[in-house]
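Engineer: This is the structure, below, for whatever I ask next.
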2 protein chains.
Amino acid sequence: MPEPEPAPAKRGGYAKGDARKQQILDRAIEVFAQRGANKTSLRAIAEAVGVTHGTLIHHFGSLEELLVAVYLAGDKSVDARLELSENPSPVEIMIESARANRAVPGMVQLYSTLMAAAIEEGHPAATDFATEWFRTVRENIVQRVRENQQAGRIRADLDPRAVASLVIAASDGLQTQWLLDDTAPQSEALQLLEDLLRTDE
Amino acid sequence: MPEPEPAPAKRGGYAKGDARKQQILDRAIEVFAQRGANKTSLRAIAEAVGVTHGTLIHHFGSLEELLVAVYLAGDKSVDARLELSENPSPVEIMIESARANRAVPGMVQLYSTLMAAAIEEGHPAATDFATEWFRTVRENIVQRVRENQQAGRIRADLDPRAVASLVIAASDGLQTQWLLDDTAPQSEALQLLEDLLRTDE
DNA sequence: GTCTATAGGGCGATAGAC
DNA sequence: GTCTATCGCCCTATAGAC
């Protein structure tokens with residue numbers, strides 16, 4: 001199935017390879033959205049994408065690296081939407097991200113799988129992803145906390161780094177609870193945390 | 001290696017089988033404490049315990065059921081210690097449990113692995129464990145929240161169920177963060193949550 | 001009852017042909 | 001780039017020795 005190539009690029013020709021990689025990634029994300037992170041062997045993904053498992057290894061190096069790439073690509077859409085709102089509270093960010101994940105439960109399963117792999121030894125790709133992920137997210141949230149404190153929306157006496165870790169942890173843990181029992185008070189608990197952090201009425 | 005049998009019991013004779021099962025479990029817990037949840041195949045565990053993988057299957061039915069049994073057995077010691085203290089706050093319970101897990105990181109890895117398996121389909125043992133686990137823990141914590149509210153130590157206007165879910169989620173999430181980066185403010189964030197829940201000074 | 005041995009199949013990863 | 005073939009490891013399940 002020859003498709004119209006997006007400008008093959010005479011020089012430094014990685015365009016074709018990257019395009020193919022992106023194609024595979026797009027299809028893989030669809031698969032995760034539809035079927036969840038279930039039975040995600042290289043062979044199963046390869047079959048769904050329409051190549052062999054060897055091809056996936058060629059493009060991504062290992063199953064784990066492919067999974068990381070899928071998660072990061074899927075996360076971008078959430079990120080983009082958040083850029084639009086102004087000075088959101090840390091908890092609002094988590095609520096928005098939870099909303100997105102609720103629509104695509106496969107992403108939460110994938111996140112859990114990657115985190116479980118990350119805290120075991122011998123999974124460098126997952127460990128690197130998780131370490132970098134928490135570093136970035138925590139940094140981001142710490143900044144939001146500071147902004148909200150300056151705006152008088154979060155109590156100024158709280159340590160931004162502790163607040164950030166708490167908010168992230170709560171969000172992660174609640175998603176797990178909610179996936180196992182959809183009567184778990186996910187939104188309520190997040191809203192509760194929001195209220196607790198707010199400057200005293 | 002014939003060991004002194006603990007009263008073979010003429011009737012309803014499951015004593016011997018249960019004893020062997022407990023032996024295996026004890027040894028498996030040691031292995032997890034020493035080496036973490038790494039490379040936990042039936043064969044690897046069997047080798048460490050000193051039997052074959054078939055023996056483990058015979059006693060526990062499947063790898064997943066063995067892992068659940070190991071986690072539950074390892075958790076009992078924490079539970080026992082908590083019974084001693086009187087009317088602990090929900091967060092104090094989590095801090096104590098975090099302290100225990102810090103000493104035996106393999107248990108946190110095991111917990112993560114089980115939770116990741118639980119939220120995927122096709123892992124009934126893990127799913128049953130996790131569902132029941134959250135049900136029990138949440139029930140327990142809700143009760144503690146109520147007691148603390150009556151004692152005037154937690155704000156009476158908060159929904160106990162939301163508080164319980166939040167505390168559990170925060171604790172779980174912080175342990176993951178801490179395992180990946182031991183400078184993550186685990187204790188600080190838990191203490192912060194404790195302070196936020198406290199009746200206004 | 002308890003355990004060993006083995007069958008049958010899936011996995012990730014690699015090597016090399018096209 | 002993509003394929004096939006293959007390696008070594010893992011899993012569950014079962015047959016039968018002790």
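The chains in the structure tokens are called A, B, ... from first to last as shown; in each chain the residues are counted from 1, and the ligands are counted from 1 in the order shown.
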When the cut-off is 9 Å and we count only C-alpha atoms, which residues of chain A are near chain B, given as a ChimeraX atom specification?
Structural biologist: /A:36-39,106,108-122,127,130-131,134,158-159,161-177,179-181,184-190,192-193,196-197
Engineer: With a distance cut-off of 10 Å and only C-alpha atoms (C1' of nucleotides), select the neighbouring residues of DA15 (chain C), excluding the residue or stretch itself and same-chain residues fewer than 2 positions from it, and output the selection as a list of chain:residue names.
Structural biologist: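 Neighbouring residues, sequence-local ones excluded: C:DA17, D:DA5, D:DT6.
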Engineer: List the spatial neighbours of DC7 (chain D) as a PDB file with N, CA and C atoms (P, O5', C5', C4', C3', O3' and C1' of nucleotides), in the first residue's frame - criterion: any atom at most 12 Å away, only C-alpha atoms (C1' of nucleotides), same-chain residues fewer than 2 positions off excluded.
Structural biologist:
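Output file selection33.pdb follows:
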ATOM      1  P    DC C  11       2.303 -14.295  22.616  1.00  0.00           P
ATOM      2  O5'  DC C  11       3.731 -13.921  23.211  1.00  0.00           O
ATOM      3  C5'  DC C  11       3.835 -13.592  24.597  1.00  0.00           C
ATOM      4  C4'  DC C  11       5.282 -13.502  24.995  1.00  0.00           C
ATOM      5  C3'  DC C  11       6.111 -12.571  24.114  1.00  0.00           C
ATOM      6  O3'  DC C  11       5.987 -11.259  24.607  1.00  0.00           O
ATOM      7  C1'  DC C  11       7.306 -14.591  24.676  1.00  0.00           C
ATOM      8  P    DG C  12       6.528 -10.044  23.802  1.00  0.00           P
ATOM      9  O5'  DG C  12       8.107 -10.192  24.044  1.00  0.00           O
ATOM     10  C5'  DG C  12       8.637  -9.888  25.328  1.00  0.00           C
ATOM     11  C4'  DG C  12      10.146  -9.933  25.267  1.00  0.00           C
ATOM     12  C3'  DG C  12      10.772  -8.870  24.353  1.00  0.00           C
ATOM     13  O3'  DG C  12      11.944  -8.340  24.974  1.00  0.00           O
ATOM     14  C1'  DG C  12      11.375 -11.038  23.590  1.00  0.00           C
ATOM     15  P    DA C  13      12.764  -7.140  24.207  1.00  0.00           P
ATOM     16  O5'  DA C  13      13.877  -7.934  23.401  1.00  0.00           O
ATOM     17  C5'  DA C  13      14.715  -8.844  24.111  1.00  0.00           C
ATOM     18  C4'  DA C  13      15.594  -9.593  23.110  1.00  0.00           C
ATOM     19  C3'  DA C  13      16.249  -8.691  22.050  1.00  0.00           C
ATOM     20  O3'  DA C  13      17.658  -8.782  22.206  1.00  0.00           O
ATOM     21  C1'  DA C  13      15.283 -10.648  21.080  1.00  0.00           C
ATOM     22  P    DT C  14      18.594  -7.906  21.208  1.00  0.00           P
ATOM     23  O5'  DT C  14      19.021  -8.981  20.123  1.00  0.00           O
ATOM     24  C5'  DT C  14      19.596 -10.209  20.571  1.00  0.00           C
ATOM     25  C4'  DT C  14      19.884 -11.102  19.376  1.00  0.00           C
ATOM     26  C3'  DT C  14      20.628 -10.403  18.230  1.00  0.00           C
ATOM     27  O3'  DT C  14      21.799 -11.171  17.933  1.00  0.00           O
ATOM     28  C1'  DT C  14      18.737 -11.579  17.401  1.00  0.00           C
ATOM     29  P    DA C  15      22.898 -10.588  16.901  1.00  0.00           P
ATOM     30  O5'  DA C  15      22.644 -11.508  15.631  1.00  0.00           O
ATOM     31  C5'  DA C  15      22.347 -12.897  15.823  1.00  0.00           C
ATOM     32  C4'  DA C  15      22.264 -13.587  14.468  1.00  0.00           C
ATOM     33  C3'  DA C  15      23.089 -12.907  13.374  1.00  0.00           C
ATOM     34  O3'  DA C  15      23.626 -13.907  12.516  1.00  0.00           O
ATOM     35  C1'  DA C  15      20.797 -12.831  12.790  1.00  0.00           C
TER      36       DA C  15
ATOM     37  P    DA D   5      10.568 -19.444   7.373  1.00  0.00           P
ATOM     38  O5'  DA D   5      11.853 -19.646   8.286  1.00  0.00           O
ATOM     39  C5'  DA D   5      13.107 -19.157   7.858  1.00  0.00           C
ATOM     40  C4'  DA D   5      14.135 -19.368   8.950  1.00  0.00           C
ATOM     41  C3'  DA D   5      13.829 -20.515   9.916  1.00  0.00           C
ATOM     42  O3'  DA D   5      15.033 -21.210  10.183  1.00  0.00           O
ATOM     43  C1'  DA D   5      14.055 -18.497  11.121  1.00  0.00           C
ATOM     44  P    DC D   9      18.461 -19.806  28.746  1.00  0.00           P
ATOM     45  O5'  DC D   9      17.074 -19.277  29.308  1.00  0.00           O
ATOM     46  C5'  DC D   9      16.801 -17.880  29.329  1.00  0.00           C
ATOM     47  C4'  DC D   9      15.311 -17.684  29.370  1.00  0.00           C
ATOM     48  C3'  DC D   9      14.630 -18.498  30.471  1.00  0.00           C
ATOM     49  O3'  DC D   9      14.341 -17.651  31.597  1.00  0.00           O
ATOM     50  C1'  DC D   9      13.361 -18.423  28.429  1.00  0.00           C
TER      51       DC D   9
END
Engineer: Tell me, counting only C-alpha atoms (C1' of nucleotides), for each residue of chain A within 12 Å of chain D, which pair of atoms is nearest and how far apart they are in Å to one decimal, in rows ordered by chain and increasing number, as a Markdown table.
Structural biologist:
| residue | atom | partner | partner_atom | distance |
| --- | --- | --- | --- | --- |
| A:Lys16 | CA | D:DG1 | C1' | 10.2 |
| A:Gly17 | CA | D:DG1 | C1' | 8.5 |
| A:Asp18 | CA | D:DG1 | C1' | 11.9 |
| A:Arg20 | CA | D:DG1 | C1' | 9.7 |
| A:Lys21 | CA | D:DG1 | C1' | 11.1 |
| A:Gly50 | CA | D:DT2 | C1' | 11.6 |
| A:Val51 | CA | D:DT2 | C1' | 8.3 |
| A:Thr52 | CA | D:DC3 | C1' | 7.8 |
| A:His53 | CA | D:DC3 | C1' | 10.0 |
| A:Gly54 | CA | D:DC3 | C1' | 8.0 |
| A:Thr55 | CA | D:DT2 | C1' | 6.4 |
| A:Leu56 | CA | D:DT2 | C1' | 10.1 |
| A:Ile57 | CA | D:DT2 | C1' | 11.2 |
| A:His58 | CA | D:DG1 | C1' | 8.5 |
| A:His59 | CA | D:DG1 | C1' | 9.4 |
Engineer: Write out as a Markdown table the residues of chain C that have any atom within 8 Å of an atom of chain B, one row each with the nearest atom pair and its distance in Å to one decimal, counting only C-alpha atoms (C1' of nucleotides), sorted by chain and then rising number.
Structural biologist:
| residue | atom | partner | partner_atom | distance |
| --- | --- | --- | --- | --- |
| C:DG1 | C1' | B:Gly17 | CA | 7.8 |
| C:DC3 | C1' | B:Thr55 | CA | 6.2 |
| C:DT4 | C1' | B:Gly54 | CA | 7.8 |
Engineer: DSSP on the backbone: which residues in region 113-189 of chain B end up as alpha helix (DSSP H)? Give the answer as a ChimeraX atom specification.
Structural biologist: /B:113-118,124-150,160-180,186-189
Engineer: Report the distance between CA of Gln149 (chain A) and CA of Glu92 (chain A) in Å, rounded to one decimal place.
Structural biologist: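 If I compute the distance from CA of Gln149 (chain A) to CA of Glu92 (chain A), I get 14.6 Å.
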Engineer: To one decimal place, how far is CA of Glu194 (chain B) from CA of Glu83 (chain B) in Å?
Structural biologist: 20.0 Å
Engineer: Please provide the set of residues having any atom within 9 Å of region 61-72 of chain B, restricted to only C-alpha atoms (C1' of nucleotides), with same-chain residues fewer than 6 positions apart removed, written as a list of chain:residue names.
Structural biologist: B:Leu25, B:Asp26, B:Ala28, B:Ile29, B:Phe32, B:Thr40, B:Ser41, B:Leu42, B:Met107, B:Leu110, B:Tyr111, B:Leu114, B:His123, B:Pro124, B:Ala125, B:Ala126, B:Phe129, D:DT12
